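A.B. asks: Next comes the structure file work.csv, holding CSV, C-alpha atoms.
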```csv
chain,number,residue,atom,x,y,z
A,1,MET,CA,0.0,0.0,0.0
A,2,VAL,CA,2.7,2.5,1.1
A,3,LEU,CA,4.9,1.1,-1.6
A,4,CYS,CA,2.3,1.7,-4.3
A,5,LEU,CA,1.6,5.3,-3.2
A,6,ALA,CA,5.3,6.0,-3.0
A,7,GLY,CA,5.9,4.5,-6.3
A,8,VAL,CA,3.2,6.5,-8.0
A,9,CYS,CA,4.4,9.7,-6.4
A,10,LEU,CA,8.0,9.0,-7.5
A,11,PHE,CA,7.0,8.3,-11.0
A,12,CYS,CA,4.8,11.4,-11.2
A,13,SER,CA,7.5,13.6,-9.8
A,14,ALA,CA,9.9,12.2,-12.4
A,15,ILE,CA,7.4,13.1,-15.2
A,16,LEU,CA,6.9,16.6,-13.7
A,17,ALA,CA,10.7,17.2,-13.5
A,18,LEU,CA,11.1,16.2,-17.1
A,19,VAL,CA,8.3,18.4,-18.3
A,20,TYR,CA,9.6,21.3,-16.2
A,21,ALA,CA,13.1,20.9,-17.7
A,22,VAL,CA,11.7,20.9,-21.2
A,23,THR,CA,9.3,23.9,-20.7
A,24,SER,CA,11.3,26.2,-18.4
A,25,ASP,CA,13.2,27.7,-21.2
A,26,PRO,CA,10.2,28.5,-23.5
A,27,ILE,CA,8.4,29.8,-20.4
A,28,ARG,CA,11.2,32.2,-19.6
A,29,LYS,CA,11.5,33.3,-23.2
A,30,ALA,CA,7.7,33.8,-23.5
A,31,SER,CA,7.6,36.0,-20.4
A,32,GLU,CA,10.7,38.0,-21.5
A,33,GLN,CA,9.1,38.5,-24.9
A,34,ALA,CA,5.9,39.7,-23.3
A,35,LEU,CA,7.8,42.1,-21.2
A,36,ALA,CA,9.8,43.4,-24.2
A,37,GLU,CA,6.6,43.8,-26.2
A,38,SER,CA,4.9,45.7,-23.5
A,39,ILE,CA,7.9,48.1,-23.1
A,40,GLY,CA,7.9,48.6,-26.9
A,41,ARG,CA,4.2,49.5,-26.8
A,42,VAL,CA,4.4,52.0,-24.0
A,43,LEU,CA,7.5,54.0,-25.2
A,44,PRO,CA,7.9,56.2,-28.2
A,45,GLU,CA,9.7,54.6,-31.1
A,46,GLY,CA,13.4,55.2,-31.8
A,47,LEU,CA,14.6,55.2,-28.2
A,48,GLU,CA,17.6,53.3,-27.0
A,49,LEU,CA,16.5,51.1,-24.2
A,50,SER,CA,18.5,50.7,-21.0
A,51,GLU,CA,18.9,47.6,-18.8
A,52,ARG,CA,16.4,47.1,-16.1
A,53,ARG,CA,16.9,49.3,-13.0
A,54,ASP,CA,15.4,49.2,-9.6
A,55,GLU,CA,14.8,52.3,-7.5
A,56,ASN,CA,12.4,53.2,-4.7
A,57,GLY,CA,11.0,49.7,-5.0
A,58,MET,CA,9.9,50.2,-8.6
A,59,GLU,CA,11.3,48.4,-11.6
A,60,TYR,CA,11.9,50.6,-14.6
A,61,TYR,CA,13.6,50.9,-18.0
A,62,VAL,CA,14.9,54.2,-19.4
A,63,GLY,CA,14.6,55.0,-23.1
A,64,THR,CA,17.3,57.4,-24.1
A,65,ARG,CA,17.9,59.5,-27.2
A,66,ASP,CA,21.4,60.8,-27.7
A,67,GLY,CA,22.2,60.1,-24.0
A,68,VAL,CA,19.2,62.1,-22.7
A,69,ALA,CA,16.3,60.3,-21.1
A,70,GLY,CA,13.4,60.5,-23.5
A,71,ALA,CA,10.9,58.3,-21.7
A,72,TYR,CA,10.6,55.8,-18.9
A,73,ALA,CA,8.8,52.5,-18.8
A,74,VAL,CA,7.8,51.8,-15.3
A,75,LYS,CA,6.3,48.6,-14.0
A,76,ALA,CA,3.7,49.5,-11.5
A,77,SER,CA,1.2,47.3,-9.6
A,78,GLU,CA,-1.8,47.9,-7.5
A,79,ILE,CA,-4.4,45.6,-5.9
A,80,GLY,CA,-7.4,45.5,-8.2
A,81,PHE,CA,-10.7,43.7,-7.7
A,82,GLY,CA,-9.5,40.1,-8.0
A,83,GLY,CA,-5.8,40.4,-7.2
A,84,PRO,CA,-2.7,42.3,-8.3
A,85,LEU,CA,-3.0,44.4,-11.4
A,86,VAL,CA,0.4,44.9,-13.0
A,87,LEU,CA,1.0,47.5,-15.6
A,88,MET,CA,3.8,48.8,-17.7
A,89,VAL,CA,3.5,52.5,-17.9
A,90,GLY,CA,5.4,54.7,-20.4
A,91,VAL,CA,6.0,58.2,-18.9
A,92,LEU,CA,7.7,61.1,-20.6
A,93,PRO,CA,10.1,63.2,-18.4
A,94,ASP,CA,7.5,65.9,-18.0
A,95,GLY,CA,5.1,63.5,-16.4
A,96,THR,CA,2.9,62.9,-19.4
A,97,VAL,CA,1.7,59.3,-19.8
A,98,TYR,CA,2.8,58.1,-23.2
A,99,ASN,CA,0.9,54.8,-23.2
A,100,THR,CA,0.0,51.9,-20.8
A,101,SER,CA,-0.1,48.2,-21.2
A,102,VAL,CA,-1.4,45.5,-18.8
A,103,LEU,CA,1.2,42.9,-17.9
A,104,SER,CA,-1.0,40.7,-15.7
A,105,HIS,CA,-4.3,40.9,-13.9
A,106,SER,CA,-6.9,38.7,-12.2
A,107,GLU,CA,-9.9,40.9,-12.9
A,108,THR,CA,-13.4,39.5,-13.6
A,109,PRO,CA,-13.6,38.3,-17.2
A,110,GLY,CA,-16.0,40.5,-19.2
A,111,LEU,CA,-15.9,43.3,-16.6
A,112,GLY,CA,-12.7,44.4,-15.0
A,113,ALA,CA,-10.7,42.3,-17.6
A,114,LYS,CA,-11.8,44.9,-20.1
A,115,CYS,CA,-9.0,47.1,-18.7
A,116,GLY,CA,-6.7,45.2,-21.1
A,117,THR,CA,-9.0,45.3,-24.2
A,118,ASP,CA,-11.5,48.1,-24.0
A,119,GLU,CA,-10.2,50.7,-26.5
A,120,SER,CA,-12.2,53.6,-25.0
A,121,PHE,CA,-10.6,52.9,-21.6
A,122,ILE,CA,-7.0,52.2,-22.8
A,123,GLY,CA,-7.1,55.1,-25.3
A,124,GLN,CA,-7.6,57.8,-22.7
A,125,TRP,CA,-4.1,57.0,-21.3
A,126,ARG,CA,-2.3,58.0,-24.5
A,127,GLY,CA,-0.9,61.4,-23.8
A,128,PHE,CA,-2.6,61.7,-20.5
A,129,SER,CA,-1.4,65.2,-19.4
A,130,PRO,CA,0.2,65.8,-16.0
A,131,ASP,CA,-2.3,68.6,-15.4
A,132,LYS,CA,-5.2,66.1,-15.2
A,133,VAL,CA,-6.0,64.4,-12.0
A,134,LEU,CA,-5.2,60.6,-12.0
A,135,LYS,CA,-8.4,59.5,-10.3
A,136,VAL,CA,-11.6,58.1,-11.7
A,137,LYS,CA,-14.4,60.7,-12.3
A,138,LYS,CA,-16.4,59.2,-9.3
A,139,ASP,CA,-13.5,60.3,-7.0
A,140,GLY,CA,-13.3,63.7,-8.6
A,141,GLY,CA,-10.6,62.9,-11.1
A,142,ASP,CA,-10.3,62.9,-14.9
A,143,VAL,CA,-10.3,59.2,-15.6
A,144,ASP,CA,-13.2,57.5,-17.4
A,145,ALA,CA,-13.9,54.3,-15.5
A,146,ILE,CA,-15.0,51.1,-17.2
A,147,THR,CA,-18.7,50.6,-16.8
A,148,ALA,CA,-19.4,48.5,-13.7
A,149,SER,CA,-15.7,48.1,-12.9
A,150,THR,CA,-14.9,51.1,-10.8
A,151,ILE,CA,-12.6,49.2,-8.5
A,152,THR,CA,-10.5,48.0,-11.4
A,153,SER,CA,-10.4,51.4,-13.0
A,154,ARG,CA,-9.4,53.0,-9.6
A,155,ALA,CA,-6.6,50.5,-9.2
A,156,TYR,CA,-5.5,51.2,-12.8
A,157,ALA,CA,-5.4,54.9,-12.2
A,158,LYS,CA,-3.5,54.4,-8.9
A,159,ALA,CA,-0.9,52.3,-10.6
A,160,VAL,CA,-0.4,54.9,-13.3
A,161,ALA,CA,-0.2,57.6,-10.7
A,162,LYS,CA,2.5,55.6,-8.9
A,163,ALA,CA,4.5,55.3,-12.1
A,164,VAL,CA,4.2,59.0,-12.9
A,165,GLU,CA,5.2,59.8,-9.3
A,166,ALA,CA,8.2,57.5,-9.6
A,167,VAL,CA,9.3,59.2,-12.8
A,168,LYS,CA,8.9,62.7,-11.2
A,169,THR,CA,11.2,61.6,-8.3
A,170,LEU,CA,13.7,60.2,-10.7
A,171,GLU,CA,13.7,63.3,-12.8
A,172,SER,CA,14.2,65.6,-9.8
A,173,SER,CA,17.0,63.5,-8.3
A,174,THR,CA,19.0,62.6,-11.4
A,175,GLY,CA,18.6,65.2,-14.1
A,176,ASN,CA,18.0,68.7,-13.1
A,177,LYS,CA,19.7,69.5,-16.4
A,178,GLU,CA,17.0,68.5,-18.7
A,179,GLY,CA,13.8,67.4,-17.1
A,180,GLY,CA,14.0,69.9,-14.3
A,181,GLN,CA,13.8,72.8,-16.6
A,182,LYS,CA,10.9,71.4,-18.5
A,183,ASN,CA,9.0,71.1,-15.4
A,184,GLU,CA,9.4,74.7,-14.4
B,1,MET,CA,-20.9,0.4,-33.0
B,2,SER,CA,-20.3,-0.1,-29.3
B,3,LYS,CA,-17.0,1.8,-29.4
B,4,TRP,CA,-18.6,4.6,-31.3
B,5,SER,CA,-21.4,4.8,-28.7
B,6,LEU,CA,-18.8,5.2,-26.0
B,7,ILE,CA,-18.0,8.6,-27.5
B,8,THR,CA,-21.5,9.7,-28.4
B,9,LYS,CA,-22.9,8.9,-25.0
B,10,GLY,CA,-20.8,11.6,-23.5
B,11,LEU,CA,-22.4,14.1,-25.8
B,12,ILE,CA,-26.1,13.5,-25.0
B,13,LYS,CA,-27.1,10.7,-22.7
B,14,ASP,CA,-24.2,11.2,-20.2
B,15,ASN,CA,-23.6,14.8,-20.9
B,16,PRO,CA,-21.4,15.8,-18.0
B,17,THR,CA,-22.8,19.3,-17.6
B,18,PHE,CA,-26.5,19.0,-18.3
B,19,VAL,CA,-27.2,15.4,-17.3
B,20,LEU,CA,-24.5,14.3,-14.8
B,21,VAL,CA,-24.2,17.9,-13.5
B,22,LEU,CA,-20.5,17.5,-12.7
B,23,GLY,CA,-17.7,20.0,-12.7
B,24,MET,CA,-19.9,23.0,-12.0
B,25,CYS,CA,-17.1,25.2,-10.7
B,26,PRO,CA,-15.2,25.6,-14.0
B,27,THR,CA,-18.6,25.6,-15.9
B,28,LEU,CA,-19.9,28.6,-14.0
B,29,ALA,CA,-16.6,30.4,-13.6
B,30,THR,CA,-15.0,30.2,-17.0
B,31,THR,CA,-17.9,30.5,-19.5
B,32,THR,CA,-17.9,34.3,-19.6
B,33,SER,CA,-17.2,34.1,-23.3
B,34,ALA,CA,-17.4,31.4,-26.0
B,35,MET,CA,-13.7,31.3,-26.4
B,36,ASN,CA,-13.0,30.9,-22.7
B,37,GLY,CA,-15.5,28.1,-22.5
B,38,LEU,CA,-14.0,26.3,-25.5
B,39,GLU,CA,-10.5,26.6,-24.2
B,40,MET,CA,-11.4,25.4,-20.7
B,41,GLY,CA,-13.3,22.5,-22.2
B,42,LEU,CA,-10.3,21.5,-24.3
B,43,ALA,CA,-8.0,21.7,-21.3
B,44,THR,CA,-10.3,19.4,-19.4
B,45,LEU,CA,-10.5,17.1,-22.3
B,46,PHE,CA,-6.7,16.8,-22.4
B,47,VAL,CA,-6.5,15.9,-18.7
B,48,LEU,CA,-9.5,13.6,-18.8
B,49,VAL,CA,-8.2,11.4,-21.6
B,50,LEU,CA,-4.7,11.1,-20.2
B,51,SER,CA,-5.9,10.5,-16.7
B,52,ASN,CA,-8.4,7.9,-17.9
B,53,ILE,CA,-5.7,6.1,-19.8
B,54,ALA,CA,-3.2,6.2,-16.9
B,55,ILE,CA,-5.8,5.1,-14.3
B,56,SER,CA,-7.1,2.2,-16.3
B,57,LEU,CA,-3.5,1.1,-16.6
B,58,ILE,CA,-2.6,1.3,-12.9
B,59,ALA,CA,-6.0,0.5,-11.4
B,60,PRO,CA,-5.4,-3.3,-11.1
B,61,VAL,CA,-2.3,-2.9,-8.9
B,62,VAL,CA,-3.5,-0.1,-6.7
B,63,PRO,CA,-4.8,-1.2,-3.3
B,64,ASP,CA,-8.3,-0.1,-2.6
B,65,LYS,CA,-7.4,1.8,0.6
B,66,VAL,CA,-5.2,4.3,-1.3
B,67,HIS,CA,-6.9,4.5,-4.6
B,68,ILE,CA,-8.2,8.0,-4.2
B,69,PRO,CA,-4.8,9.6,-3.2
B,70,VAL,CA,-3.2,7.7,-6.1
B,71,TYR,CA,-5.8,9.0,-8.6
B,72,ILE,CA,-5.5,12.5,-7.3
B,73,VAL,CA,-1.7,12.4,-7.7
B,74,VAL,CA,-2.0,11.1,-11.2
B,75,ILE,CA,-4.6,13.8,-12.2
B,76,ALA,CA,-2.6,16.6,-10.5
B,77,THR,CA,0.4,15.5,-12.4
B,78,PHE,CA,-1.4,15.8,-15.8
B,79,VAL,CA,-2.8,19.2,-14.8
B,80,THR,CA,0.6,20.5,-13.9
B,81,VAL,CA,2.0,19.2,-17.1
B,82,LEU,CA,-0.8,21.0,-19.0
B,83,GLN,CA,-0.2,24.2,-17.0
B,84,LEU,CA,3.5,24.2,-17.9
B,85,LEU,CA,2.9,23.4,-21.5
B,86,MET,CA,0.3,26.2,-21.8
B,87,GLN,CA,2.6,28.7,-20.1
B,88,ALA,CA,5.4,27.8,-22.5
B,89,TYR,CA,3.6,27.5,-25.8
B,90,VAL,CA,0.2,29.4,-25.5
B,91,PRO,CA,1.0,32.2,-23.0
B,92,TYR,CA,-2.0,34.3,-24.3
B,93,VAL,CA,-4.5,31.5,-23.4
B,94,TYR,CA,-2.7,31.0,-20.1
B,95,ALA,CA,-3.1,34.7,-19.3
B,96,THR,CA,-6.9,34.4,-19.3
B,97,LEU,CA,-7.4,30.9,-18.1
B,98,GLY,CA,-4.4,30.4,-15.9
B,99,LEU,CA,-6.3,30.9,-12.7
B,100,PHE,CA,-8.7,28.0,-13.4
B,101,ILE,CA,-6.3,25.4,-14.8
B,102,PRO,CA,-5.1,24.2,-11.4
B,103,LEU,CA,-8.8,23.8,-10.5
B,104,ILE,CA,-9.1,21.0,-13.0
B,105,VAL,CA,-7.5,18.7,-10.4
B,106,VAL,CA,-10.6,19.0,-8.3
B,107,ASN,CA,-13.0,18.9,-11.2
B,108,CYS,CA,-15.4,16.1,-10.2
B,109,ILE,CA,-15.7,15.0,-13.9
B,110,VAL,CA,-12.1,13.8,-14.0
B,111,LEU,CA,-12.1,12.0,-10.7
B,112,GLY,CA,-15.7,10.8,-11.3
B,113,ARG,CA,-14.8,9.2,-14.6
B,114,ALA,CA,-11.7,7.6,-13.0
B,115,GLU,CA,-13.9,6.1,-10.2
B,116,ALA,CA,-16.9,5.2,-12.2
B,117,TYR,CA,-15.4,4.1,-15.5
B,118,ALA,CA,-11.6,4.0,-16.0
B,119,ASN,CA,-10.7,1.8,-13.0
B,120,ARG,CA,-12.8,-1.1,-14.3
B,121,HIS,CA,-12.5,-0.9,-18.1
B,122,CYS,CA,-9.7,-1.5,-20.6
B,123,VAL,CA,-7.4,1.2,-21.8
B,124,LEU,CA,-9.0,1.8,-25.1
B,125,ASP,CA,-12.6,2.0,-23.7
B,126,SER,CA,-11.4,4.4,-21.0
B,127,ALA,CA,-9.6,6.6,-23.5
B,128,LEU,CA,-12.8,6.7,-25.7
B,129,ASP,CA,-14.9,7.4,-22.6
B,130,GLY,CA,-12.6,10.3,-21.8
B,131,ILE,CA,-12.8,11.6,-25.3
B,132,GLY,CA,-16.6,11.4,-25.3
B,133,ILE,CA,-17.1,13.0,-21.9
B,134,GLY,CA,-14.4,15.6,-22.7
B,135,ILE,CA,-16.1,16.6,-26.0
B,136,GLY,CA,-19.5,16.7,-24.3
B,137,PHE,CA,-18.0,19.0,-21.6
B,138,THR,CA,-16.3,21.2,-24.2
B,139,LEU,CA,-19.5,21.6,-26.2
B,140,SER,CA,-21.6,22.4,-23.2
B,141,LEU,CA,-19.1,25.0,-22.0
B,142,THR,CA,-18.9,26.5,-25.4
B,143,VAL,CA,-22.7,26.7,-25.7
B,144,ILE,CA,-23.0,28.3,-22.3
B,145,GLY,CA,-20.2,30.7,-23.2
B,146,ILE,CA,-21.9,31.6,-26.5
B,147,VAL,CA,-25.2,32.4,-24.8
B,148,ARG,CA,-23.5,34.4,-22.1
B,149,GLU,CA,-21.4,36.3,-24.5
B,150,ILE,CA,-24.3,37.2,-26.8
B,151,LEU,CA,-26.5,38.4,-23.9
B,152,GLY,CA,-23.7,40.0,-21.9
B,153,ASN,CA,-21.5,41.5,-24.5
B,154,GLY,CA,-23.3,41.3,-27.8
B,155,SER,CA,-20.6,39.3,-29.5
B,156,ILE,CA,-19.7,35.7,-30.4
B,157,PHE,CA,-16.1,34.5,-30.2
B,158,GLY,CA,-15.1,38.1,-29.8
B,159,CYS,CA,-16.9,39.3,-33.0
B,160,LYS,CA,-19.1,42.2,-31.9
B,161,PHE,CA,-22.4,42.4,-33.7
B,162,ILE,CA,-24.5,44.5,-31.2
B,163,PRO,CA,-22.9,47.7,-30.2
B,164,GLY,CA,-22.9,48.7,-26.6
B,165,ASP,CA,-22.4,46.9,-23.3
B,166,GLY,CA,-25.1,44.2,-23.3
B,167,ILE,CA,-26.7,42.8,-20.1
B,168,LEU,CA,-23.7,42.8,-17.7
B,169,ALA,CA,-25.4,40.4,-15.3
B,170,PHE,CA,-24.9,37.6,-17.8
B,171,VAL,CA,-21.2,38.0,-17.7
B,172,MET,CA,-21.2,37.9,-13.9
B,173,ALA,CA,-21.9,34.9,-11.7
B,174,PRO,CA,-25.7,35.2,-11.4
B,175,GLY,CA,-25.9,35.1,-15.2
B,176,ALA,CA,-23.9,31.9,-15.2
B,177,PHE,CA,-26.5,30.2,-13.0
B,178,MET,CA,-29.4,31.5,-15.0
B,179,VAL,CA,-28.0,30.4,-18.4
B,180,LEU,CA,-27.0,27.0,-17.0
B,181,GLY,CA,-30.4,26.5,-15.5
B,182,TYR,CA,-32.4,27.4,-18.6
B,183,LEU,CA,-30.1,25.4,-20.9
B,184,MET,CA,-30.4,22.4,-18.5
B,185,VAL,CA,-34.2,22.7,-18.8
B,186,LEU,CA,-34.1,22.8,-22.6
B,187,PHE,CA,-31.7,20.0,-22.8
B,188,ASN,CA,-33.7,17.6,-20.6
B,189,LYS,CA,-36.9,18.5,-22.3
B,190,TYR,CA,-35.3,17.5,-25.6
B,191,LEU,CA,-34.0,14.3,-24.0
B,192,LYS,CA,-37.5,13.4,-22.6
B,193,LYS,CA,-39.1,13.9,-26.0
B,194,GLN,CA,-36.8,11.3,-27.6
```
Could you show the structure in this file as structure tokens?
C.D. replies:
Amino acid sequence: MVLCLAGVCLFCSAILALVYAVTSDPIRKASEQALAESIGRVLPEGLELSERRDENGMEYYVGTRDGVAGAYAVKASEIGFGGPLVLMVGVLPDGTVYNTSVLSHSETPGLGAKCGTDESFIGQWRGFSPDKVLKVKKDGGDVDAITASTITSRAYAKAVAKAVEAVKTLESSTGNKEGGQKNE
Amino acid sequence: MSKWSLITKGLIKDNPTFVLVLGMCPTLATTTSAMNGLEMGLATLFVLVLSNIAISLIAPVVPDKVHIPVYIVVIATFVTVLQLLMQAYVPYVYATLGLFIPLIVVNCIVLGRAEAYANRHCVLDSALDGIGIGIGFTLSLTVIGIVREILGNGSIFGCKFIPGDGILAFVMAPGAFMVLGYLMVLFNKYLKKQ
């Protein structure tokens, strides 16, 4: 009895080890590709991309043009309705949102999950000016929420706000030469 | 003929969703759109066929006292294999269904077929039974998904043909119960007539 159970477990773990060994490489590649694609989507074209950097607990990538930071891709996360909502947010040095892209979410299919597909929601982030308030309209901001998914939209706006905030701190700490002047 | 009926009985007479009423968790949770239902059905089909084959092979040597743990280990192995394969080769599908794939382990259809069929039939019959029940499950999920997507979103397989939002309730959990209930009524009415 014990022998049988142990034997089955041993055999199963051997199969799992084998499959894991075969698939771990493609899985890594697929997630790297997804990351690279999302960075490509949220940054303006023609920028030279830096390696991943970590600062203030945020993961980000700098896109530079002629040695000057042209835009940042910041990975920002916030708790949504069904779990963490992870975004890649492209931010220009003056705090304008260039574009956003959803890396992963566990929102309700058909409702909150629209944050990754609904063009009228995603579209509003392109060129979202730093003068506007990064809150949903219900909370007195300028973000149009997805119908029946206020919590998701709120989390989305919060994550974008985090990214913008991170870029502002980066700009003020690193380059008073370029970004600082633009902000004045 | 008898081999053929092993497959067809899973579609109508022993339909896992509308007649046996097994595996309700993924049925209700994943059928928010036709595509999700179809993909979930295919994932379950994959696990069901493999676990039926494996269990019909090992059943004669498994002592009765530990047969449930052994079956669960076997099923969990196949589910994990499926999960790794999906992550590696169809990451887009995994992104939408990933949450529900591990739940196939506790899907009563898989364990139910192992208990009720695979452990006392030969490998071929068990495989055919898995295919039949799996296809029946896939079709049922797809039909529920189609109905919910039409009512809730005004589209089929992502092709929008009614502009606007649709009846949101049908995308959410209450809609799942309603659609399932009405489809079950229609299905059983049709069965009775025959």
A.B. asks: Counting all atoms listed in the file, what are the residues of chain B within 8 Å of chain A, and for each of them which pair of atoms is the nearest and at what distance in Å, to one decimal? Sort the table by chain and rising number, as CSV.
C.D. replies:
```
residue,atom,partner,partner_atom,distance
B:Thr32,CA,A:Pro109,CA,6.3
B:Ser33,CA,A:Gly110,CA,7.7
B:Val61,CA,A:Cys4,CA,8.0
B:Val62,CA,A:Cys4,CA,6.5
B:Pro63,CA,A:Met1,CA,5.9
B:Lys65,CA,A:Met1,CA,7.6
B:Val66,CA,A:Met1,CA,6.9
B:Pro69,CA,A:Leu5,CA,7.7
B:Val70,CA,A:Leu5,CA,6.1
B:Val73,CA,A:Cys9,CA,6.8
B:Val74,CA,A:Cys12,CA,6.8
B:Thr77,CA,A:Cys12,CA,6.1
B:Thr80,CA,A:Leu16,CA,7.4
B:Val81,CA,A:Val19,CA,6.5
B:Leu84,CA,A:Thr23,CA,6.4
B:Leu85,CA,A:Thr23,CA,6.5
B:Gln87,CA,A:Ile27,CA,5.9
B:Ala88,CA,A:Ile27,CA,4.2
B:Tyr89,CA,A:Pro26,CA,7.1
B:Pro91,CA,A:Ala30,CA,6.9
B:Ala95,CA,A:Ser104,CA,7.3
B:Leu99,CA,A:Ser106,CA,7.8
B:Asn153,CA,A:Gly110,CA,7.7
B:Leu168,CA,A:Leu111,CA,7.9
B:Val171,CA,A:Gly110,CA,6.0
B:Met172,CA,A:Gly110,CA,7.9
```
A.B. asks: What's around B:Lys13 at 12 Å? Count all atoms listed in the file, leave out sequence neighbours fewer than 6 positions away in its own chain, and write the answer as an mmCIF file with C-alpha atoms, in the frame of the given file.
C.D. replies:
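Now in out.cif:
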```
data_model
loop_
_atom_site.group_PDB
_atom_site.id
_atom_site.type_symbol
_atom_site.label_atom_id
_atom_site.label_comp_id
_atom_site.auth_asym_id
_atom_site.auth_seq_id
_atom_site.Cartn_x
_atom_site.Cartn_y
_atom_site.Cartn_z
ATOM 1 C CA SER B 5 -21.400 4.800 -28.700
ATOM 2 C CA LEU B 6 -18.800 5.200 -26.000
ATOM 3 C CA ILE B 7 -18.000 8.600 -27.500
ATOM 4 C CA VAL B 19 -27.200 15.400 -17.300
ATOM 5 C CA LEU B 20 -24.500 14.300 -14.800
ATOM 6 C CA GLY B 132 -16.600 11.400 -25.300
ATOM 7 C CA ILE B 133 -17.100 13.000 -21.900
ATOM 8 C CA GLY B 136 -19.500 16.700 -24.300
ATOM 9 C CA PHE B 187 -31.700 20.000 -22.800
ATOM 10 C CA ASN B 188 -33.700 17.600 -20.600
ATOM 11 C CA TYR B 190 -35.300 17.500 -25.600
ATOM 12 C CA LEU B 191 -34.000 14.300 -24.000
ATOM 13 C CA LYS B 192 -37.500 13.400 -22.600
ATOM 14 C CA GLN B 194 -36.800 11.300 -27.600
#
```
A.B. asks: A:Val42, A:Ala69, A:Ile79, A:Val62: which is nearest A:Ile122, counting only C-alpha atoms?
C.D. replies: A:Val42
A.B. asks: For atom CA of B:Val147 and atom CA of A:Ile151, quote the distance in Å rounded to one decimal.
C.D. replies: 26.6 Å
A.B. asks: For a test of reading the model, state the distance in Å between atom CA of A:Tyr156 and atom CA of B:Asn36, rounded to one decimal.
C.D. replies: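 Atom-to-atom, atom CA of A:Tyr156 to atom CA of B:Asn36, that is 23.8 Å.
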A.B. asks: Measuring between only C-alpha atoms, which one of B:Ala127, B:Leu28, B:Ile55, B:Leu22 shows the shortest distance to B:Ala173?
C.D. replies: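 Once distances to B:Ala173 are computed over only C-alpha atoms, the minimum belongs to B:Leu28.
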A.B. asks: Kindly give the distance, in Å, that separates atom CA of B:Glu115 and atom CA of B:Leu82, rounded to a single decimal.
C.D. replies: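 For atom CA of B:Glu115 relative to atom CA of B:Leu82, the distance reads 21.7 Å.
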A.B. asks: For a quick check of understanding, using all atoms listed in the file, which of A:Ala36, A:Ala76, A:Val164, A:Leu134 has the smallest distance to A:Gly95?
C.D. replies: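 Between A:Ala36, A:Ala76, A:Val164, A:Leu134, the residue approaching A:Gly95 most closely is A:Val164.
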A.B. asks: Nearest to A:Gly46 among A:Arg65, A:Glu78, A:Glu32, A:Ser172, with distances taken over only C-alpha atoms: which residue is it?
C.D. replies: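 Ranking A:Arg65, A:Glu78, A:Glu32, A:Ser172 by distance to A:Gly46, first place goes to A:Arg65.
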A.B. asks: Identify which of the residues A:Val143, A:Ala166, A:Leu47, A:Ala159 lies closest to A:Glu59, counting all atoms listed in the file when measuring atom-to-atom distances.
C.D. replies: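 Ranked by minimum distance to A:Glu59, first place goes to A:Ala166.
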A.B. asks: Counting all atoms listed in the file, note down every residue that has an atom within 7 Å of the point (-24.8, 26.2, -21.1) (file coordinates), as number ranges by chain.
C.D. replies: B: 140-141, 143-145, 179-180, 183
A.B. asks: May I have the residues from that selection written out with C-alpha atoms, as a PDB file, keeping the file's coordinate frame?
C.D. replies:
```pdb
ATOM      1  CA  SER B 140     -21.600  22.400 -23.200  1.00  0.00           C
ATOM      2  CA  LEU B 141     -19.100  25.000 -22.000  1.00  0.00           C
ATOM      3  CA  VAL B 143     -22.700  26.700 -25.700  1.00  0.00           C
ATOM      4  CA  ILE B 144     -23.000  28.300 -22.300  1.00  0.00           C
ATOM      5  CA  GLY B 145     -20.200  30.700 -23.200  1.00  0.00           C
ATOM      6  CA  VAL B 179     -28.000  30.400 -18.400  1.00  0.00           C
ATOM      7  CA  LEU B 180     -27.000  27.000 -17.000  1.00  0.00           C
ATOM      8  CA  LEU B 183     -30.100  25.400 -20.900  1.00  0.00           C
TER       9      LEU B 183
END
```
